[in-house]
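With mmCIF, C-alpha atoms inside, this is query26.cif:
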data_protein
loop_
_atom_site.label_atom_id
_atom_site.label_comp_id
_atom_site.auth_asym_id
_atom_site.auth_seq_id
_atom_site.Cartn_x
_atom_site.Cartn_y
_atom_site.Cartn_z
CA MET A 1 47.10 114.74 67.26
CA LYS A 2 46.88 118.09 65.49
CA ASP A 3 43.84 116.93 63.51
CA ALA A 4 42.13 115.71 66.66
CA LEU A 5 42.67 119.08 68.34
CA LYS A 6 41.19 120.86 65.30
CA ILE A 7 38.09 118.68 65.50
CA ALA A 8 37.81 119.32 69.24
CA ARG A 9 38.16 123.07 68.66
CA LYS A 10 35.43 122.98 66.02
CA GLU A 11 33.05 121.10 68.33
CA LEU A 12 33.74 123.43 71.26
CA LEU A 13 33.27 126.57 69.16
CA THR A 14 29.91 125.27 67.99
CA TYR A 15 29.00 124.58 71.60
CA VAL A 16 30.19 127.96 72.90
CA ARG A 17 28.36 129.93 70.24
CA GLU A 18 25.03 128.61 71.48
CA ASP A 19 23.24 130.77 74.05
CA ARG A 20 22.67 127.82 76.38
CA PHE A 21 26.42 127.58 77.00
CA TRP A 22 26.37 130.74 79.10
CA LEU A 23 23.39 129.40 81.01
CA MET A 24 25.40 126.28 81.82
CA VAL A 25 28.29 128.47 83.00
CA PHE A 26 26.45 130.87 85.28
CA LEU A 27 23.42 128.89 86.45
CA PRO A 28 25.42 126.31 88.44
CA LEU A 29 27.31 129.12 90.16
CA LEU A 30 24.03 130.63 91.33
CA ILE A 31 21.50 127.82 91.54
CA MET A 32 23.49 125.28 93.56
CA PRO A 33 24.32 127.70 96.42
CA LEU A 34 20.73 128.97 96.45
CA LEU A 35 19.26 125.47 96.58
CA MET A 36 21.57 124.51 99.42
CA HIS A 37 21.52 127.60 101.62
CA LEU A 38 18.48 129.75 100.79
CA PRO A 39 15.85 127.67 102.67
CA LEU A 40 17.93 127.61 105.87
CA LEU A 41 18.85 131.29 105.58
CA LEU A 42 15.19 132.23 105.11
CA MET A 43 14.28 130.15 108.16
CA GLY A 44 17.03 131.89 110.12
CA HIS A 45 15.71 135.26 108.95
CA PHE A 46 12.18 134.50 110.12
CA LEU A 47 13.43 133.09 113.43
CA GLN A 48 15.55 136.22 113.91
CA GLN A 49 12.48 138.38 113.30
CA ALA A 50 10.44 136.25 115.69
CA GLN A 51 13.07 136.62 118.40
CA SER A 52 13.34 140.37 117.94
CA LYS A 53 9.63 141.14 118.39
CA PRO A 54 7.41 140.12 121.32
CA GLN A 55 5.36 136.97 120.79
CA ILE A 56 1.80 136.74 122.08
CA VAL A 57 0.83 133.78 124.27
CA ALA A 58 -2.91 133.19 124.64
CA ILE A 59 -3.53 131.61 128.04
CA LYS A 60 -6.39 130.02 129.94
CA GLY A 61 -6.28 128.74 133.52
CA VAL A 62 -2.58 129.57 133.92
CA SER A 63 -1.37 130.63 137.37
CA GLN A 64 -0.06 134.11 138.07
CA GLU A 65 3.39 132.70 138.83
CA VAL A 66 3.70 131.15 135.37
CA GLN A 67 2.45 134.36 133.76
CA ILE A 68 5.26 136.29 135.46
CA LEU A 69 7.82 133.80 134.12
CA LEU A 70 6.38 134.11 130.61
CA ARG A 71 6.66 137.90 130.73
CA GLN A 72 10.25 137.63 131.97
CA ALA A 73 10.95 135.61 128.80
CA ASN A 74 9.76 138.61 126.69
CA LEU A 75 6.46 136.93 125.85
CA VAL A 76 3.21 138.95 125.80
CA VAL A 77 0.56 137.22 127.88
CA GLN A 78 -3.10 137.61 126.90
CA SER A 79 -6.07 135.82 128.43
CA SER A 80 -8.32 134.07 125.93
CA PRO A 81 -11.48 131.94 126.24
CA ASP A 82 -10.12 129.64 123.50
CA PRO A 83 -6.30 129.76 123.08
CA ARG A 84 -6.36 127.12 120.35
CA LYS A 85 -8.73 129.22 118.24
CA ALA A 86 -6.56 132.29 118.84
CA VAL A 87 -3.56 130.44 117.45
CA ARG A 88 -5.47 129.09 114.44
CA GLU A 89 -6.66 132.61 113.61
CA ARG A 90 -3.11 133.98 113.99
CA LEU A 91 -4.12 136.19 116.91
CA ALA A 92 -1.42 134.60 119.06
CA ALA A 93 1.85 132.78 118.40
CA VAL A 94 1.23 130.18 121.12
CA GLY A 95 -1.76 128.92 123.04
CA LEU A 96 -1.40 127.65 126.62
CA ILE A 97 -4.09 125.95 128.72
CA TYR A 98 -3.77 124.55 132.23
CA SER A 99 -6.38 122.01 133.33
CA GLU A 100 -6.32 119.12 135.81
CA GLY A 101 -2.57 119.23 136.38
CA ARG A 102 -1.67 119.39 132.66
CA TYR A 103 -0.27 122.23 130.55
CA THR A 104 -1.27 122.01 126.89
CA ILE A 105 0.65 124.09 124.33
CA PHE A 106 -0.81 124.86 120.91
CA ASP A 107 1.85 125.51 118.25
CA GLN A 108 1.33 127.90 115.35
CA ASN A 109 3.24 125.90 112.72
CA SER A 110 1.28 123.74 110.30
CA PHE A 111 0.84 120.03 110.88
CA LEU A 112 3.32 119.37 108.04
CA SER A 113 6.13 121.14 109.89
CA LEU A 114 8.39 118.87 111.93
CA ARG A 115 9.82 121.76 113.92
CA LEU A 116 8.12 123.80 116.64
CA SER A 117 7.93 127.57 116.38
CA ALA A 118 10.39 129.74 118.29
CA ALA A 119 7.62 131.03 120.57
CA THR A 120 6.55 127.48 121.40
CA GLU A 121 10.10 126.52 122.31
CA GLN A 122 10.33 129.59 124.56
CA THR A 123 7.10 128.61 126.28
CA GLN A 124 8.36 125.06 126.78
CA GLN A 125 11.55 126.37 128.35
CA VAL A 126 9.58 128.59 130.74
CA LEU A 127 7.39 125.67 131.82
CA GLN A 128 10.42 123.42 132.23
CA ARG A 129 12.07 125.98 134.53
CA TYR A 130 8.85 126.35 136.49
CA LYS A 131 8.57 122.57 136.77
CA GLU A 132 12.13 122.32 138.13
CA GLN A 133 11.40 125.16 140.56
CA VAL A 134 8.28 123.43 141.95
CA LEU A 135 10.12 120.13 142.14
CA LEU A 136 13.04 121.69 143.98
CA GLU A 137 10.72 123.30 146.54
CA ARG A 138 9.04 119.98 147.23
CA LEU A 139 12.35 118.17 147.56
CA GLN A 140 13.81 120.79 149.86
CA SER A 141 10.81 120.46 152.16
CA ARG A 142 11.90 116.82 152.60
CA GLY A 143 15.59 117.60 152.93
CA LEU A 144 16.49 116.53 149.37
CA GLY A 145 17.83 118.26 146.25
CA LEU A 146 17.70 117.80 142.46
CA ALA A 147 21.02 115.95 142.54
CA ASP A 148 19.34 113.17 144.55
CA LEU A 149 17.05 112.49 141.58
CA GLU A 150 19.94 112.30 139.11
CA PRO A 151 22.80 110.16 140.47
CA PHE A 152 24.64 110.31 137.13
CA THR A 153 24.35 111.98 133.72
CA ILE A 154 24.16 110.38 130.29
CA GLU A 155 25.85 111.99 127.29
CA THR A 156 25.76 110.78 123.70
CA GLN A 157 28.34 111.97 121.18
CA LYS A 158 28.79 111.17 117.51
CA ALA A 159 31.80 109.01 116.74
CA ALA A 160 32.40 110.87 113.47
CA SER A 161 35.42 113.13 113.30
CA GLU A 162 35.09 116.87 113.85
CA ARG A 163 35.65 117.41 110.14
CA GLU A 164 32.80 115.08 109.18
CA GLN A 165 30.46 116.80 111.62
CA SER A 166 31.46 120.27 110.47
CA LEU A 167 30.74 119.38 106.84
CA GLY A 168 27.02 119.16 107.48
CA VAL A 169 24.95 118.63 104.36
CA LEU A 170 27.99 119.31 102.16
CA ALA A 171 29.24 115.79 102.89
CA LEU A 172 26.13 114.48 101.14
CA ILE A 173 25.72 117.11 98.44
CA ILE A 174 29.20 117.23 96.93
CA PRO A 175 29.63 113.57 95.86
CA LEU A 176 26.05 113.28 94.59
CA MET A 177 26.18 116.65 92.83
CA LEU A 178 29.46 115.95 91.05
CA VAL A 179 28.46 112.47 89.90
CA GLY A 180 25.06 113.67 88.70
CA LEU A 181 26.49 116.61 86.75
CA LEU A 182 29.28 114.52 85.24
CA ILE A 183 26.70 112.09 83.92
CA SER A 184 24.31 114.69 82.49
CA GLY A 185 26.64 117.61 81.70
CA GLY A 186 27.89 116.58 78.24
CA GLN A 187 24.94 114.59 76.94
CA SER A 188 23.61 117.29 74.63
CA MET A 189 27.01 117.84 73.09
CA ALA A 190 27.66 114.10 72.75
CA LEU A 191 24.36 113.73 70.90
CA GLU A 192 25.18 116.67 68.65
CA ALA A 193 28.66 115.31 67.92
CA THR A 194 27.41 111.85 66.91
CA VAL A 195 23.80 111.29 65.93
CA GLY A 196 23.43 115.01 65.24
CA GLU A 197 26.07 114.71 62.50
CA LYS A 198 24.08 111.82 61.06
CA GLU A 199 20.78 113.69 60.96
CA LYS A 200 22.38 116.79 59.41
CA GLY A 201 24.20 114.66 56.84
CA THR A 202 27.65 116.02 57.75
CA ILE A 203 29.10 112.74 59.04
CA GLU A 204 29.89 111.68 55.46
CA ALA A 205 31.95 114.82 54.87
CA LEU A 206 33.89 114.25 58.06
CA LEU A 207 34.66 110.63 57.23
CA SER A 208 35.66 111.46 53.66
CA ALA A 209 38.28 113.92 54.94
CA PRO A 210 41.84 112.62 55.28
CA VAL A 211 41.43 112.04 59.01
CA ALA A 212 41.76 108.66 60.69
CA PRO A 213 38.67 107.47 62.59
CA TRP A 214 40.59 107.41 65.87
CA LYS A 215 41.51 111.07 65.43
CA LEU A 216 37.89 111.91 64.73
CA LEU A 217 36.84 110.03 67.85
CA LEU A 218 39.60 111.63 69.93
CA GLY A 219 38.69 115.15 68.80
CA LYS A 220 35.01 114.72 69.53
CA GLY A 221 35.79 112.98 72.80
CA LEU A 222 38.03 115.81 74.01
CA ALA A 223 35.34 118.38 73.24
CA VAL A 224 32.61 116.41 75.02
CA LEU A 225 34.97 115.78 77.97
CA VAL A 226 35.51 119.51 78.42
CA ALA A 227 31.77 120.16 78.17
CA THR A 228 31.15 117.46 80.78
CA VAL A 229 33.75 118.51 83.34
CA PHE A 230 33.12 122.25 83.05
CA PRO A 231 29.57 122.40 84.54
CA ALA A 232 30.58 120.08 87.38
CA THR A 233 33.59 122.26 88.16
CA THR A 234 31.59 125.49 88.15
CA SER A 235 28.93 123.90 90.38
CA PHE A 236 31.57 122.75 92.85
CA ILE A 237 33.07 126.25 92.92
CA GLY A 238 29.59 127.69 93.41
CA VAL A 239 28.93 125.40 96.37
CA VAL A 240 32.24 126.29 98.05
CA LEU A 241 31.85 130.04 97.45
CA GLY A 242 28.19 129.93 98.47
CA SER A 243 29.08 128.25 101.76
CA MET A 244 31.75 130.86 102.49
CA PHE A 245 29.46 133.76 101.52
CA ALA A 246 26.61 132.43 103.66
CA ARG A 247 28.88 132.15 106.70
CA MET A 248 30.34 135.64 106.26
CA GLY A 249 27.31 137.60 105.05
CA PHE A 250 24.46 136.04 107.01
CA SER A 251 25.97 135.30 110.39
CA GLY A 252 22.93 136.75 112.20
CA GLN A 253 20.48 134.50 110.37
CA ILE A 254 22.72 131.47 110.94
CA GLN A 255 23.03 132.15 114.67
CA ALA A 256 19.24 132.39 114.91
CA LEU A 257 18.90 128.82 113.63
CA PRO A 258 18.63 125.93 116.09
CA ASP A 259 21.92 124.11 116.64
CA ASP A 260 20.98 121.08 114.56
CA LEU A 261 20.00 123.21 111.56
CA GLU A 262 23.02 125.48 111.88
CA VAL A 263 25.28 122.46 111.59
CA GLN A 264 23.55 121.46 108.34
CA LEU A 265 24.94 124.51 106.56
CA GLY A 266 28.38 123.01 106.93
CA THR A 267 31.81 124.40 106.25
CA LEU A 268 34.18 123.02 103.65
CA ALA A 269 37.95 123.28 104.03
CA LEU A 270 39.86 121.04 101.62
CA GLU A 271 43.59 120.89 101.13
CA PRO A 272 45.03 121.44 97.62
CA ALA A 273 45.91 117.73 97.39
CA GLU A 274 42.29 116.80 98.20
CA LEU A 275 40.95 119.24 95.59
CA ALA A 276 43.33 117.71 93.05
CA ALA A 277 42.12 114.21 94.01
CA ILE A 278 38.47 115.24 93.54
CA PHE A 279 39.30 116.78 90.16
CA LEU A 280 41.20 113.70 88.97
CA THR A 281 38.40 111.39 90.11
CA SER A 282 35.85 113.58 88.31
CA VAL A 283 37.86 113.61 85.09
CA LEU A 284 38.24 109.83 85.08
CA LEU A 285 34.51 109.33 85.64
CA ALA A 286 33.79 111.86 82.89
CA PHE A 287 36.16 109.96 80.57
CA PHE A 288 34.26 106.73 81.22
CA VAL A 289 30.84 108.38 80.74
CA VAL A 290 31.90 110.28 77.60
CA ALA A 291 33.25 107.13 75.98
CA ALA A 292 29.94 105.37 76.65
CA MET A 293 27.94 108.30 75.26
CA LEU A 294 30.02 108.43 72.08
CA ALA A 295 29.73 104.66 71.56
CA LEU A 296 25.94 104.78 71.92
CA GLY A 297 25.52 108.08 70.08
CA ILE A 298 27.28 106.96 66.90
CA PHE A 299 25.35 103.68 66.97
CA ALA A 300 21.96 105.42 67.11
CA ARG A 301 20.19 106.49 63.96
CA THR A 302 18.16 109.40 65.37
CA TYR A 303 18.00 111.65 68.40
CA ARG A 304 14.98 109.71 69.60
CA GLU A 305 16.80 106.40 69.42
CA ALA A 306 19.85 107.88 71.16
CA SER A 307 17.64 109.22 73.96
CA ILE A 308 16.26 105.71 74.46
CA TYR A 309 19.82 104.43 74.85
CA PHE A 310 20.92 107.25 77.13
CA GLY A 311 18.02 106.78 79.56
CA PRO A 312 19.10 103.32 80.76
CA LEU A 313 22.72 104.49 80.72
CA ASP A 314 21.87 107.28 83.16
CA MET A 315 20.03 104.89 85.45
CA LEU A 316 22.84 102.33 85.24
CA VAL A 317 25.53 104.83 86.16
CA MET A 318 23.43 106.61 88.79
CA SER A 319 22.23 103.41 90.47
CA PRO A 320 25.37 103.12 92.64
CA VAL A 321 24.58 106.57 94.02
CA LEU A 322 21.51 105.07 95.72
CA LEU A 323 23.84 102.94 97.86
CA PHE A 324 25.37 106.18 99.13
CA PHE A 325 22.43 106.53 101.51
CA VAL A 326 23.13 103.20 103.23
CA PHE A 327 26.84 103.74 103.84
CA ASP A 328 26.09 104.39 107.51
CA PHE A 329 24.78 100.84 107.84
CA ILE A 330 27.56 98.96 106.06
CA LYS A 331 31.30 98.81 106.37
CA VAL A 332 33.01 100.10 103.23
CA GLN A 333 35.46 97.51 101.89
CA ASP A 334 38.40 98.09 99.57
CA TRP A 335 36.69 96.25 96.72
CA PHE A 336 33.92 98.88 96.77
CA PHE A 337 36.43 101.29 95.24
CA VAL A 338 36.82 99.05 92.18
CA LEU A 339 33.14 98.86 91.25
CA PRO A 340 32.11 101.04 88.28
CA GLY A 341 30.24 104.13 89.41
CA LEU A 342 30.06 103.13 93.07
CA GLY A 343 33.85 103.31 93.40
CA VAL A 344 33.81 106.96 92.34
CA VAL A 345 31.03 107.84 94.79
CA VAL A 346 32.81 106.07 97.65
CA ALA A 347 36.13 107.70 96.75
CA MET A 348 34.67 111.22 96.58
CA ASP A 349 32.90 110.69 99.88
CA ALA A 350 36.16 109.55 101.49
CA ILE A 351 38.11 112.50 100.05
CA VAL A 352 35.59 115.06 101.29
CA LYS A 353 35.52 113.50 104.78
CA GLY A 354 39.29 113.11 104.90
CA THR A 355 39.19 109.34 105.37
CA SER A 356 40.63 108.23 102.03
CA SER A 357 43.88 106.31 101.64
CA PRO A 358 46.25 106.32 98.62
CA TRP A 359 45.57 102.62 98.11
CA GLN A 360 41.79 103.08 97.91
CA LEU A 361 42.04 106.10 95.62
CA GLY A 362 44.49 104.21 93.42
CA LEU A 363 41.98 101.36 93.08
CA THR A 364 39.28 103.81 91.98
CA TRP A 365 41.50 105.66 89.53
CA VAL A 366 42.99 102.56 87.89
CA SER A 367 39.67 100.72 87.63
CA THR A 368 37.76 103.75 86.29
CA LEU A 369 40.49 104.36 83.72
CA ALA A 370 40.34 100.69 82.69
CA TYR A 371 36.55 100.82 82.29
CA GLY A 372 36.89 104.02 80.25
CA LEU A 373 39.51 102.53 77.93
CA LEU A 374 37.36 99.44 77.42
CA VAL A 375 34.31 101.49 76.46
CA LEU A 376 36.49 103.82 74.36
CA TYR A 377 37.64 100.81 72.36
CA LEU A 378 33.99 99.95 71.73
CA ALA A 379 33.39 103.53 70.58
CA PHE A 380 36.41 103.28 68.26
CA ARG A 381 35.02 100.07 66.77
CA ASN A 382 31.70 101.79 66.12
CA PHE A 383 33.40 104.81 64.50
CA SER A 384 35.44 102.48 62.27
CA ARG A 385 32.48 100.44 60.99
CA GLU A 386 30.57 101.83 58.03
CA ASP A 387 27.53 99.69 58.80
CA VAL A 388 27.28 101.52 62.11
CA VAL A 389 28.22 105.05 61.04
CA PHE A 390 25.86 104.99 58.03
CA ARG A 391 23.18 103.07 59.90
CA ASN A 392 20.16 105.20 59.01
#
Rendering of file as structure tokens:
Amino acid sequence: MKDALKIARKELLTYVREDRFWLMVFLPLLIMPLLMHLPLLLMGHFLQQAQSKPQIVAIKGVSQEVQILLRQANLVVQSSPDPRKAVRERLAAVGLIYSEGRYTIFDQNSFLSLRLSAATEQTQQVLQRYKEQVLLERLQSRGLGLADLEPFTIETQKAASEREQSLGVLALIIPLMLVGLLISGGQSMALEATVGEKEKGTIEALLSAPVAPWKLLLGKGLAVLVATVFPATTSFIGVVLGSMFARMGFSGQIQALPDDLEVQLGTLALEPAELAAIFLTSVLLAFFVVAAMLALGIFARTYREASIYFGPLDMLVMSPVLLFFVFDFIKVQDWFFVLPGLGVVVAMDAIVKGTSSPWQLGLTWVSTLAYGLLVLYLAFRNFSREDVVFRN
């Protein structure tokens, strides 16, 4: 075991001395939170600015009563011969035309935007209140009220738990992010530790040393395992810290967001046992992936050949992640937790949402460990065969 640890230390030192190591340490801590929260925070910032300054509404044919209601909503009303043109030329935030019993609102956002501007939503609210006011006056003249038009109310609520709803986009990001990083995190080091030794001609010196092949494999495997788990761990920490920082430091921008977008930011509160379960699941998946990378890396003759092998491996392991998007349409069965790759995604999703059971997690852990040991045995066979190691 001492020899294996020396080999692992040598591989890790070579990895740490490279400049890209520090990029892999700090970039996940910064990039993942920015990718997740920056677009929504910027939108909240612009909405906050829009709400703090008066918005111009270009009108045509609008009654004086509606104009008064628009001004009461802190909107600046300006008459215009062509409100649509005024909006297109950015002279007004909203255009409003009344003709033949119809109010037409022209929104400033581009046709690619799925969301209306804040000024447009304000104008819609004003018109809705005016509509209810006119309707109420007509009903009262006939001795009726608004309640007579609505004998009962309809309310739709999500069946998901409060925790699932509070997670927002984090419920989707965390499992996919961890699986993706665990698959790609240690590839460069795995290539360097196997086919890289072949191309540099140092594999012969290693094998001629008084070290058993299994110790050589174990040492390299430990080093690649650390290099695989480390970026995923730092990214997870970055996501959690980024979510906390966004909630504490940008509360104004978050409150300016519409309710549906504010929920997407999500809040993550995991118990220590759940964090430990996520870490154990990640390590077992990394063990399986590292064993496969070492088996393929030592079999390849060149970097180019190894890249050809690693491409299908990435697609094979990532393919179960695609099923993650249809979980809402299928009932997750216990045997899902045993499938390679998919079991890990399902288990992480259940842990994050707080719906996992010890039995299901046990199935994932035992099966992933079994797959890893099976592939590790294949890697050991490749390291022990001279026709594979010296296959150049």
If the PyMOL selection byres ((chain A and resi 307) around 12) is run on the structure shown, which residues does it catch, given as a compact mmCIF listing (two decimals) with C-alpha atoms, keeping the file's coordinate frame?
# COMPACT_ATOMS: atom_id res chain seq x y z
CA GLN A 187 24.94 114.59 76.94
CA SER A 188 23.61 117.29 74.63
CA ALA A 190 27.66 114.10 72.75
CA LEU A 191 24.36 113.73 70.90
CA GLU A 192 25.18 116.67 68.65
CA VAL A 195 23.80 111.29 65.93
CA GLY A 196 23.43 115.01 65.24
CA MET A 293 27.94 108.30 75.26
CA LEU A 296 25.94 104.78 71.92
CA GLY A 297 25.52 108.08 70.08
CA PHE A 299 25.35 103.68 66.97
CA ALA A 300 21.96 105.42 67.11
CA ARG A 301 20.19 106.49 63.96
CA THR A 302 18.16 109.40 65.37
CA TYR A 303 18.00 111.65 68.40
CA ARG A 304 14.98 109.71 69.60
CA GLU A 305 16.80 106.40 69.42
CA ALA A 306 19.85 107.88 71.16
CA ILE A 308 16.26 105.71 74.46
CA TYR A 309 19.82 104.43 74.85
CA PHE A 310 20.92 107.25 77.13
CA GLY A 311 18.02 106.78 79.56
CA PRO A 312 19.10 103.32 80.76
CA LEU A 313 22.72 104.49 80.72
CA ASP A 314 21.87 107.28 83.16
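The residues returned by the PyMOL selection byres ((chain A and resi 221-237) around 6) for this structure are Ala8, Leu12, Pro28, Leu29, Leu178, Leu181, Leu182, Gly185, Gly186, Ala190, Leu217, Leu218, Gly219, Lys220, Gly238, Val239 and Val240 of chain A.
If you apply the PyMOL selection byres ((chain A and resi 61) around 12) to this structure, you end up with Ala58, Ile59, Lys60, Val62, Ser63, Gln64, Glu65, Val66, Gln67, Gln78, Ser79, Ser80, Pro81, Asp82, Pro83, Gly95, Leu96, Ile97, Tyr98, Ser99, Glu100, Gly101, Arg102, Tyr103 and Thr104 of chain A.
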Give me the residues within 10 Å of A:Gly362 as a tab-separated table (two decimals) with C-alpha atoms, in the coordinates of the input, counting only C-alpha atoms and dropping any in the same chain fewer than 4 places off.
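And here is the file that came out, around07.tsv:
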chain	number	residue	atom	x	y	z
A	281	THR	CA	38.40	111.39	90.11
A	337	PHE	CA	36.43	101.29	95.24
A	338	VAL	CA	36.82	99.05	92.18
A	347	ALA	CA	36.13	107.70	96.75
A	357	SER	CA	43.88	106.31	101.64
A	358	PRO	CA	46.25	106.32	98.62
A	366	VAL	CA	42.99	102.56	87.89
A	367	SER	CA	39.67	100.72	87.63
A	368	THR	CA	37.76	103.75	86.29
To one decimal place, how far is atom CA of A:Thr120 from atom CA of A:Arg84 in Å?
->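 Going from atom CA of A:Thr120 over to atom CA of A:Arg84, I get 13.0 Å.
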Pick the closest to A:Leu376 from A:Ala147, A:Val76, A:Leu294, A:Phe106: which is it, counting all atoms listed in the file?
->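 Using all atoms listed in the file, the shortest distance to A:Leu376 belongs to A:Leu294.
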Coordinates-based distance that separates atom CA of A:Gln108 from atom CA of A:Ile56 (Å, one decimal) =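 Answer for the atom CA of A:Ile56 to atom CA of A:Gln108 separation: 11.1 Å.
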